[in-house]
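Note sheet for the following structure.
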Amino acid sequence: MAINKNALIRYKTIDKCLQNNNRQWTLDNLIEACSDTLHEYEGRDINVSKRTVQLDIQMMRSDKLGYNAPIVTYNRKYYKYEDPEYSITDIPITENDMNVLSETLEMLKQFKDFSLFSELSGIIQRLEDKVYTEKTHQAPIIHLDKNEKLKGLEHLDILYQAILKKLVLKITYQSFKAHKASEIILHPFILKEFNNRWFLVGKTSPKKPILTFALDRIIAIDFDTNIPYLNENFDGDSYYKNVIGVTVANTRAERIQFWVDKQNAPYIITKPFHRSQRLIEHTDDGVIFNIFVQINFELERMILGFGNSIEVLKPKKLRDRMQQKLEQALSRYDQDK
């Protein structure tokens, strides 16, 4: 059953009220409390009707959400918990619930750098306490790749907020090739993750091309509110459609044909290089594939990663480039050190 955020806030508010046994709670009191709490959360007035709170109480009493709250009325107008120690936050958690929560918590913590999830941090901590006090400590079954020492993660949230609020950035940036940092005015469009690294994508001005900046090379971030934001309704899916990774060469996508040996072909079949990948032919010693992408750094790095298990067949310029790189690599091993 789908429950919206406001309903959960109301349930929590009603629960908090009914835990307070030093006051008598009428329906009007509960309506007022829910309205005040929603105003505090949302920053605006939200009309909470009598019927809404009555349905909330009915829902809390039922087992649809697992609450089975012992809400009773007395003197024909006051509400209370029949069990003064009851709270919807203290409902028992089954072993299956705890196993699911444990793995979900591990995944949620991957997004801890976004303020979008900051409100969850306290909930996550409490859930962890609840889970691990009620079950034997157990190593996570799901293990996600992460690098806690990766630079630039501290910028994630401020950049996310800037994109959300359409703010023009003034970033101090130093690429690996630059001798010193420079200041760049940027209209940010999206944040993109690839290979466990984060990138900021945007434009410096309307007529300039789209640029990509690695977060780990950003030194400082400021805003320029005097410049109107360039709203181009950027579509990341369309922009990266024919690209592996983050480097868009602004060239036409090409048909890349490559052969993979028998030992590695199953890996390529089950984990394609790109969504355009097609199996062309089974040979005696391997499989031939096609992909339709731009030739960029990430594509070359991916091909080189398979070493002698792969051979680029077409186009000739990519085949020649791979041959050149492999010859240069081999020469490093031929030298007497």
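Just remember, in the structure tokens the first chain shown is A, the second B, etc., residues are 1-based per chain, and ligands are 1-based in the order shown.
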| task | Show which residues sit within 9 Å of Asn296 of chain A, as a VMD selection string. Count only C-alpha atoms, and ignore same-chain residues fewer than 6 positions away. | result | chain A and resid 243 to 245 247 to 249
| field | Close residues, Glu311 of chain A itself excluded, 7 Å, only C-alpha atoms, min 2 positions apart in chain, as a list in words | value |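 Non-adjacent residues within range: Phe258, Trp259, Val260 and Leu313 of chain A.
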| field | Distance query segment 220-231 of chain A at most 9 Å, only C-alpha atoms, self and fewer than 3 positions along chain excluded, as a ChimeraX atom specification | value | /A:155,158-159,162,166-173,185,187-189,203,205-206,234
| Pick the closest to Lys192 of chain A from A:Pro266, A:Pro209, A:Gly236, A:Gly152: which is it, counting only C-alpha atoms? |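 Ranked by minimum distance to Lys192 of chain A, first place goes to A:Gly236.
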| query | DSSP says helix (DSSP H, G or I) for which residues of segment 209-302 of chain A? Put them as a ChimeraX atom specification? | reply | /A:215-217,236-239,265-270,297-302
| request: Using only C-alpha atoms, find the one residue out of A:Ile31, A:Ala69, A:Ile268, A:Leu326 that sits nearest to Val287 of chain A. | output: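 Checking each candidate against Val287 of chain A, we get A:Ile268 as the closest.
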| request: With a distance cut-off of 12 Å and only C-alpha atoms, select the neighbouring residues of Ile310 of chain A, excluding the residue or stretch itself and same-chain residues fewer than 3 positions from it, and output the selection as a ChimeraX atom specification. | output: /A:257-265,268,285-289,300,302-307,313,319,322-323,326
| task | Could you find all residues in segment 227-308 of chain A that DSSP calls strand (DSSP E) from the backbone, and write them as a VMD selection string? | result | chain A and resid 254 to 261 278 to 282 286 to 293
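Non-sequential neighbours of segment 53-68 of chain A (distance at most 6 Å, separation of 2 or more positions within a chain, only C-alpha atoms) are Lys50, Arg51 and Ile88 of chain A.
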All heavy atoms of the current selection, written as a PDB file, in the first residue's frame:
ATOM      1  N   LYS A  50     -11.490  17.127   9.013  1.00  0.00           N
ATOM      2  CA  LYS A  50     -11.958  16.222  10.069  1.00  0.00           C
ATOM      3  C   LYS A  50     -12.000  14.790   9.553  1.00  0.00           C
ATOM      4  O   LYS A  50     -11.574  13.852  10.237  1.00  0.00           O
ATOM      5  CB  LYS A  50     -13.358  16.656  10.523  1.00  0.00           C
ATOM      6  CG  LYS A  50     -13.982  15.774  11.596  1.00  0.00           C
ATOM      7  CD  LYS A  50     -15.359  16.318  11.996  1.00  0.00           C
ATOM      8  CE  LYS A  50     -16.010  15.453  13.059  1.00  0.00           C
ATOM      9  NZ  LYS A  50     -17.353  15.982  13.440  1.00  0.00           N
ATOM     10  N   ARG A  51     -12.490  14.625   8.313  1.00  0.00           N
ATOM     11  CA  ARG A  51     -12.595  13.302   7.714  1.00  0.00           C
ATOM     12  C   ARG A  51     -11.206  12.670   7.553  1.00  0.00           C
ATOM     13  O   ARG A  51     -11.044  11.460   7.768  1.00  0.00           O
ATOM     14  CB  ARG A  51     -13.285  13.428   6.344  1.00  0.00           C
ATOM     15  CG  ARG A  51     -13.411  12.118   5.572  1.00  0.00           C
ATOM     16  CD  ARG A  51     -14.275  11.133   6.324  1.00  0.00           C
ATOM     17  NE  ARG A  51     -14.493   9.923   5.543  1.00  0.00           N
ATOM     18  CZ  ARG A  51     -14.893   8.780   6.045  1.00  0.00           C
ATOM     19  NH1 ARG A  51     -15.109   8.659   7.347  1.00  0.00           N
ATOM     20  NH2 ARG A  51     -15.089   7.741   5.265  1.00  0.00           N
ATOM     21  N   ILE A  88       3.451   3.708  17.859  1.00  0.00           N
ATOM     22  CA  ILE A  88       3.621   3.065  16.550  1.00  0.00           C
ATOM     23  C   ILE A  88       5.097   2.887  16.220  1.00  0.00           C
ATOM     24  O   ILE A  88       5.451   2.103  15.341  1.00  0.00           O
ATOM     25  CB  ILE A  88       2.931   3.867  15.418  1.00  0.00           C
ATOM     26  CG1 ILE A  88       3.549   5.274  15.293  1.00  0.00           C
ATOM     27  CG2 ILE A  88       1.444   3.937  15.613  1.00  0.00           C
ATOM     28  CD1 ILE A  88       3.032   6.046  14.089  1.00  0.00           C
TER      29      ILE A  88
END
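Pairwise distance (atom CA of Thr204 of chain A, atom CA of Glu183 of chain A) equals 11.0 Å.
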| Given only C-alpha atoms as the counted atoms, nearest of A:Ile295, A:Asn4, A:Trp198, A:Ile14 to Lys317 of chain A |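 Closest to Lys317 of chain A of all the choices is A:Ile295.
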Taking 6 positions as the minimum chain separation for residues in the same chain, which residues sit within 9 Å of Ile269 of chain A when counting only C-alpha atoms? Answer as a tab-separated table (two decimals) with all heavy atoms, in the first residue's frame.
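The resulting file, result08.tsv, is shown below:
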chain	number	residue	atom	x	y	z
A	277	GLN	N	24.84	-2.81	-28.26
A	277	GLN	CA	25.62	-4.01	-28.61
A	277	GLN	C	24.77	-5.10	-29.25
A	277	GLN	O	23.66	-5.39	-28.79
A	277	GLN	CB	26.30	-4.56	-27.36
A	277	GLN	CG	27.17	-5.79	-27.61
A	277	GLN	CD	27.97	-6.17	-26.38
A	277	GLN	OE1	28.80	-5.40	-25.92
A	277	GLN	NE2	27.72	-7.36	-25.85
A	278	ARG	N	25.30	-5.68	-30.33
A	278	ARG	CA	24.65	-6.78	-31.03
A	278	ARG	C	25.67	-7.89	-31.27
A	278	ARG	O	26.83	-7.62	-31.61
A	278	ARG	CB	24.08	-6.32	-32.37
A	278	ARG	CG	23.02	-5.23	-32.27
A	278	ARG	CD	21.73	-5.76	-31.66
A	278	ARG	NE	20.71	-4.73	-31.62
A	278	ARG	CZ	20.53	-3.88	-30.61
A	278	ARG	NH1	21.34	-3.94	-29.54
A	278	ARG	NH2	19.59	-2.97	-30.64
A	279	LEU	N	25.25	-9.14	-31.12
A	279	LEU	CA	26.09	-10.29	-31.42
A	279	LEU	C	25.98	-10.56	-32.92
A	279	LEU	O	24.88	-10.79	-33.44
A	279	LEU	CB	25.66	-11.51	-30.61
A	279	LEU	CG	26.60	-12.71	-30.59
A	279	LEU	CD1	26.35	-13.56	-29.35
A	279	LEU	CD2	26.45	-13.57	-31.84
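Using only C-alpha atoms, the nearest neighbour of Leu318 of chain A within the list A:Tyr267, A:Val201, A:Arg217, A:Glu254 is A:Glu254.
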| request: State, in Å with one decimal place, the distance from atom CA of Ser87 of chain A to atom CA of Gln19 of chain A. | output: 7.0 Å
